[in-house]
Amino acid sequence: MLQIRSHLDVADNTGAKVAWAIGVLGRNQTYAGIGDIIKVHIKDAAPDGQVSLNGSTWIVSATNSA
């Protein structure tokens, strides 16, 4: 389970490095599971990446490894 306001380490090719979960698509819940689409706020990103720093975007939660 992934709770809202969780600190996420991003593993993709958009340039995002760190994100915070801020919402779950289609649900009024405070948690998301594997495969759910969540809204995140980008906290750290590469300067030449596709996403902007301090922007928000939608991602699919893939795993929640410890």
# chains A, B, ... in the order shown; residues from 1 in each chain; ligands from 1
$ residues_around --residues "Gly23 (chain A)" --least-positions-apart "4" --cutoff "10 Å" --atoms "only C-alpha atoms" --output "short mmCIF file (atom, residue, chain, number, x, y, z; two decimals) with C-alpha atoms, in the first residue's frame"
data_model
loop_
_atom_site.label_atom_id
_atom_site.label_comp_id
_atom_site.auth_asym_id
_atom_site.auth_seq_id
_atom_site.Cartn_x
_atom_site.Cartn_y
_atom_site.Cartn_z
CA GLN A 3 -0.17 6.32 1.38
CA ILE A 4 -0.76 9.89 0.34
CA ARG A 5 2.17 12.20 1.27
CA ARG A 27 -10.94 7.43 -5.50
CA ASN A 28 -11.39 9.51 -2.41
CA GLN A 29 -8.93 7.42 -0.42
CA THR A 30 -5.65 8.04 1.34
CA TYR A 31 -3.88 4.97 -0.08
CA ALA A 32 -3.13 3.35 -3.44
CA ILE A 37 -2.71 5.84 -11.12
CA ILE A 38 -1.59 8.46 -8.62
CA LYS A 39 -0.91 12.18 -8.83
CA VAL A 40 2.57 13.19 -7.67
CA HIS A 41 4.43 16.41 -7.00
CA TRP A 58 0.21 11.44 -13.09
#
$ atom_distance --atom1 "CA of Val60 (chain A)" --atom2 "CA of Gly26 (chain A)"
13.0 Å
$ residues_around --residues "Asp36 (chain A)" --least-positions-apart "5" --cutoff "8 Å" --atoms "only C-alpha atoms" --output "ChimeraX atom specification"
/A:24-25,60-61
$ closest_residue --among "A:Ala21, A:Ala45, A:Val51, A:Ile34" --to "Leu8 (chain A)" --atoms "only C-alpha atoms"
A:Ala21
$ select_by_dssp --residues "chain A" --states "strand (DSSP E)" --output "PyMOL selection string"
chain A and resi 2-3+7-9+16-24+31-32+37-45+56-60
$ closest_residue --among "A:Ile22, A:Ala16, A:Thr57, A:Met1" --to "Lys43 (chain A)" --atoms "only C-alpha atoms"
A:Ala16
$ atom_distance --atom1 "CA of Gly35 (chain A)" --atom2 "CA of Ser52 (chain A)"
23.8 Å
$ atom_distance --atom1 "CA of Asp44 (chain A)" --atom2 "CA of Leu2 (chain A)"
19.5 Å
$ residues_around --residues "Asp9 (chain A)" --least-positions-apart "6" --cutoff "9 Å" --atoms "only C-alpha atoms" --output "PyMOL selection string"
chain A and resi 16-20
$ decode --residues "region 10-57 of chain A" --atoms "N, CA and C atoms" --output "PDB file, in the first residue's frame"
ATOM      1  N   VAL A  10      11.764   7.862  -7.812  1.00  0.00           N
ATOM      2  CA  VAL A  10      11.243   7.602  -9.157  1.00  0.00           C
ATOM      3  C   VAL A  10      12.288   6.862  -9.983  1.00  0.00           C
ATOM      4  N   ALA A  11      11.841   5.835 -10.705  1.00  0.00           N
ATOM      5  CA  ALA A  11      12.728   5.052 -11.573  1.00  0.00           C
ATOM      6  C   ALA A  11      12.124   5.017 -12.970  1.00  0.00           C
ATOM      7  N   ASP A  12      12.375   6.058 -13.759  1.00  0.00           N
ATOM      8  CA  ASP A  12      11.918   6.099 -15.141  1.00  0.00           C
ATOM      9  C   ASP A  12      12.866   6.977 -15.948  1.00  0.00           C
ATOM     10  N   ASN A  13      12.520   7.262 -17.183  1.00  0.00           N
ATOM     11  CA  ASN A  13      13.422   8.024 -18.036  1.00  0.00           C
ATOM     12  C   ASN A  13      12.960   9.464 -18.276  1.00  0.00           C
ATOM     13  N   THR A  14      12.121  10.013 -17.405  1.00  0.00           N
ATOM     14  CA  THR A  14      11.645  11.382 -17.585  1.00  0.00           C
ATOM     15  C   THR A  14      12.546  12.410 -16.920  1.00  0.00           C
ATOM     16  N   GLY A  15      13.444  11.994 -16.067  1.00  0.00           N
ATOM     17  CA  GLY A  15      14.319  12.913 -15.367  1.00  0.00           C
ATOM     18  C   GLY A  15      13.898  13.183 -13.935  1.00  0.00           C
ATOM     19  N   ALA A  16      12.721  12.735 -13.547  1.00  0.00           N
ATOM     20  CA  ALA A  16      12.269  12.904 -12.164  1.00  0.00           C
ATOM     21  C   ALA A  16      13.071  11.977 -11.258  1.00  0.00           C
ATOM     22  N   LYS A  17      13.449  12.480 -10.093  1.00  0.00           N
ATOM     23  CA  LYS A  17      14.218  11.668  -9.144  1.00  0.00           C
ATOM     24  C   LYS A  17      13.438  11.401  -7.866  1.00  0.00           C
ATOM     25  N   VAL A  18      12.789  12.434  -7.327  1.00  0.00           N
ATOM     26  CA  VAL A  18      12.042  12.318  -6.081  1.00  0.00           C
ATOM     27  C   VAL A  18      10.656  12.928  -6.287  1.00  0.00           C
ATOM     28  N   ALA A  19       9.622  12.243  -5.793  1.00  0.00           N
ATOM     29  CA  ALA A  19       8.252  12.735  -5.912  1.00  0.00           C
ATOM     30  C   ALA A  19       7.497  12.444  -4.626  1.00  0.00           C
ATOM     31  N   TRP A  20       6.425  13.194  -4.399  1.00  0.00           N
ATOM     32  CA  TRP A  20       5.528  12.957  -3.272  1.00  0.00           C
ATOM     33  C   TRP A  20       4.159  12.633  -3.811  1.00  0.00           C
ATOM     34  N   ALA A  21       3.530  11.586  -3.295  1.00  0.00           N
ATOM     35  CA  ALA A  21       2.178  11.215  -3.706  1.00  0.00           C
ATOM     36  C   ALA A  21       1.185  12.202  -3.111  1.00  0.00           C
ATOM     37  N   ILE A  22       0.303  12.750  -3.958  1.00  0.00           N
ATOM     38  CA  ILE A  22      -0.667  13.740  -3.463  1.00  0.00           C
ATOM     39  C   ILE A  22      -2.112  13.362  -3.755  1.00  0.00           C
ATOM     40  N   GLY A  23      -2.382  12.294  -4.504  1.00  0.00           N
ATOM     41  CA  GLY A  23      -3.759  11.906  -4.780  1.00  0.00           C
ATOM     42  C   GLY A  23      -3.845  10.595  -5.538  1.00  0.00           C
ATOM     43  N   VAL A  24      -5.036   9.988  -5.506  1.00  0.00           N
ATOM     44  CA  VAL A  24      -5.302   8.743  -6.217  1.00  0.00           C
ATOM     45  C   VAL A  24      -6.410   9.023  -7.221  1.00  0.00           C
ATOM     46  N   LEU A  25      -6.218   8.632  -8.476  1.00  0.00           N
ATOM     47  CA  LEU A  25      -7.199   8.888  -9.527  1.00  0.00           C
ATOM     48  C   LEU A  25      -8.449   8.050  -9.312  1.00  0.00           C
ATOM     49  N   GLY A  26      -9.603   8.698  -9.313  1.00  0.00           N
ATOM     50  CA  GLY A  26     -10.880   8.006  -9.251  1.00  0.00           C
ATOM     51  C   GLY A  26     -11.322   7.552  -7.873  1.00  0.00           C
ATOM     52  N   ARG A  27     -10.571   7.861  -6.853  1.00  0.00           N
ATOM     53  CA  ARG A  27     -10.942   7.426  -5.503  1.00  0.00           C
ATOM     54  C   ARG A  27     -10.747   8.565  -4.511  1.00  0.00           C
ATOM     55  N   ASN A  28     -11.557   8.569  -3.500  1.00  0.00           N
ATOM     56  CA  ASN A  28     -11.388   9.515  -2.412  1.00  0.00           C
ATOM     57  C   ASN A  28     -10.793   8.757  -1.229  1.00  0.00           C
ATOM     58  N   GLN A  29      -9.581   8.223  -1.443  1.00  0.00           N
ATOM     59  CA  GLN A  29      -8.928   7.420  -0.422  1.00  0.00           C
ATOM     60  C   GLN A  29      -7.546   7.972  -0.134  1.00  0.00           C
ATOM     61  N   THR A  30      -6.976   7.564   0.954  1.00  0.00           N
ATOM     62  CA  THR A  30      -5.652   8.036   1.338  1.00  0.00           C
ATOM     63  C   THR A  30      -4.574   7.006   1.056  1.00  0.00           C
ATOM     64  N   TYR A  31      -4.881   5.986   0.261  1.00  0.00           N
ATOM     65  CA  TYR A  31      -3.885   4.974  -0.076  1.00  0.00           C
ATOM     66  C   TYR A  31      -4.110   4.486  -1.505  1.00  0.00           C
ATOM     67  N   ALA A  32      -3.061   3.916  -2.094  1.00  0.00           N
ATOM     68  CA  ALA A  32      -3.130   3.345  -3.442  1.00  0.00           C
ATOM     69  C   ALA A  32      -2.422   2.003  -3.425  1.00  0.00           C
ATOM     70  N   GLY A  33      -2.791   1.137  -4.342  1.00  0.00           N
ATOM     71  CA  GLY A  33      -2.165  -0.162  -4.468  1.00  0.00           C
ATOM     72  C   GLY A  33      -1.320  -0.238  -5.728  1.00  0.00           C
ATOM     73  N   ILE A  34      -0.768  -1.398  -5.984  1.00  0.00           N
ATOM     74  CA  ILE A  34       0.051  -1.606  -7.177  1.00  0.00           C
ATOM     75  C   ILE A  34      -0.841  -1.499  -8.415  1.00  0.00           C
ATOM     76  N   GLY A  35      -0.408  -0.696  -9.389  1.00  0.00           N
ATOM     77  CA  GLY A  35      -1.149  -0.510 -10.631  1.00  0.00           C
ATOM     78  C   GLY A  35      -2.104   0.656 -10.620  1.00  0.00           C
ATOM     79  N   ASP A  36      -2.316   1.302  -9.482  1.00  0.00           N
ATOM     80  CA  ASP A  36      -3.191   2.470  -9.430  1.00  0.00           C
ATOM     81  C   ASP A  36      -2.483   3.688 -10.010  1.00  0.00           C
ATOM     82  N   ILE A  37      -3.261   4.587 -10.589  1.00  0.00           N
ATOM     83  CA  ILE A  37      -2.714   5.838 -11.122  1.00  0.00           C
ATOM     84  C   ILE A  37      -2.799   6.881 -10.017  1.00  0.00           C
ATOM     85  N   ILE A  38      -1.644   7.482  -9.700  1.00  0.00           N
ATOM     86  CA  ILE A  38      -1.591   8.459  -8.622  1.00  0.00           C
ATOM     87  C   ILE A  38      -1.045   9.781  -9.145  1.00  0.00           C
ATOM     88  N   LYS A  39      -1.444  10.867  -8.498  1.00  0.00           N
ATOM     89  CA  LYS A  39      -0.913  12.183  -8.833  1.00  0.00           C
ATOM     90  C   LYS A  39       0.252  12.447  -7.897  1.00  0.00           C
ATOM     91  N   VAL A  40       1.369  12.934  -8.469  1.00  0.00           N
ATOM     92  CA  VAL A  40       2.567  13.187  -7.670  1.00  0.00           C
ATOM     93  C   VAL A  40       3.055  14.604  -7.900  1.00  0.00           C
ATOM     94  N   HIS A  41       3.763  15.113  -6.926  1.00  0.00           N
ATOM     95  CA  HIS A  41       4.429  16.412  -7.003  1.00  0.00           C
ATOM     96  C   HIS A  41       5.923  16.141  -7.110  1.00  0.00           C
ATOM     97  N   ILE A  42       6.554  16.631  -8.166  1.00  0.00           N
ATOM     98  CA  ILE A  42       7.973  16.386  -8.404  1.00  0.00           C
ATOM     99  C   ILE A  42       8.792  17.295  -7.491  1.00  0.00           C
ATOM    100  N   LYS A  43       9.628  16.713  -6.638  1.00  0.00           N
ATOM    101  CA  LYS A  43      10.449  17.473  -5.704  1.00  0.00           C
ATOM    102  C   LYS A  43      11.884  17.632  -6.174  1.00  0.00           C
ATOM    103  N   ASP A  44      12.394  16.671  -6.958  1.00  0.00           N
ATOM    104  CA  ASP A  44      13.765  16.747  -7.461  1.00  0.00           C
ATOM    105  C   ASP A  44      13.779  16.147  -8.855  1.00  0.00           C
ATOM    106  N   ALA A  45      14.446  16.841  -9.789  1.00  0.00           N
ATOM    107  CA  ALA A  45      14.483  16.374 -11.173  1.00  0.00           C
ATOM    108  C   ALA A  45      15.795  16.776 -11.814  1.00  0.00           C
ATOM    109  N   ALA A  46      16.167  16.044 -12.854  1.00  0.00           N
ATOM    110  CA  ALA A  46      17.357  16.379 -13.627  1.00  0.00           C
ATOM    111  C   ALA A  46      17.085  17.668 -14.413  1.00  0.00           C
ATOM    112  N   PRO A  47      18.088  18.514 -14.591  1.00  0.00           N
ATOM    113  CA  PRO A  47      17.862  19.790 -15.281  1.00  0.00           C
ATOM    114  C   PRO A  47      17.490  19.633 -16.753  1.00  0.00           C
ATOM    115  N   ASP A  48      17.879  18.545 -17.385  1.00  0.00           N
ATOM    116  CA  ASP A  48      17.555  18.345 -18.796  1.00  0.00           C
ATOM    117  C   ASP A  48      16.443  17.318 -18.997  1.00  0.00           C
ATOM    118  N   GLY A  49      15.651  17.060 -17.968  1.00  0.00           N
ATOM    119  CA  GLY A  49      14.593  16.060 -18.049  1.00  0.00           C
ATOM    120  C   GLY A  49      13.321  16.585 -18.683  1.00  0.00           C
ATOM    121  N   GLN A  50      12.365  15.686 -18.883  1.00  0.00           N
ATOM    122  CA  GLN A  50      11.089  16.033 -19.498  1.00  0.00           C
ATOM    123  C   GLN A  50      10.113  16.657 -18.520  1.00  0.00           C
ATOM    124  N   VAL A  51      10.264  16.399 -17.229  1.00  0.00           N
ATOM    125  CA  VAL A  51       9.359  16.950 -16.223  1.00  0.00           C
ATOM    126  C   VAL A  51      10.003  18.166 -15.581  1.00  0.00           C
ATOM    127  N   SER A  52       9.172  19.077 -15.094  1.00  0.00           N
ATOM    128  CA  SER A  52       9.699  20.286 -14.475  1.00  0.00           C
ATOM    129  C   SER A  52       9.731  20.129 -12.959  1.00  0.00           C
ATOM    130  N   LEU A  53      10.695  20.766 -12.352  1.00  0.00           N
ATOM    131  CA  LEU A  53      10.822  20.754 -10.904  1.00  0.00           C
ATOM    132  C   LEU A  53       9.652  21.505 -10.300  1.00  0.00           C
ATOM    133  N   ASN A  54       9.113  21.009  -9.203  1.00  0.00           N
ATOM    134  CA  ASN A  54       7.956  21.573  -8.503  1.00  0.00           C
ATOM    135  C   ASN A  54       6.701  21.567  -9.361  1.00  0.00           C
ATOM    136  N   GLY A  55       6.619  20.651 -10.306  1.00  0.00           N
ATOM    137  CA  GLY A  55       5.410  20.453 -11.094  1.00  0.00           C
ATOM    138  C   GLY A  55       4.682  19.215 -10.609  1.00  0.00           C
ATOM    139  N   SER A  56       3.502  18.972 -11.152  1.00  0.00           N
ATOM    140  CA  SER A  56       2.779  17.756 -10.790  1.00  0.00           C
ATOM    141  C   SER A  56       2.433  16.990 -12.048  1.00  0.00           C
ATOM    142  N   THR A  57       2.316  15.679 -11.908  1.00  0.00           N
ATOM    143  CA  THR A  57       2.010  14.808 -13.031  1.00  0.00           C
ATOM    144  C   THR A  57       1.356  13.537 -12.513  1.00  0.00           C
TER     145      THR A  57
END
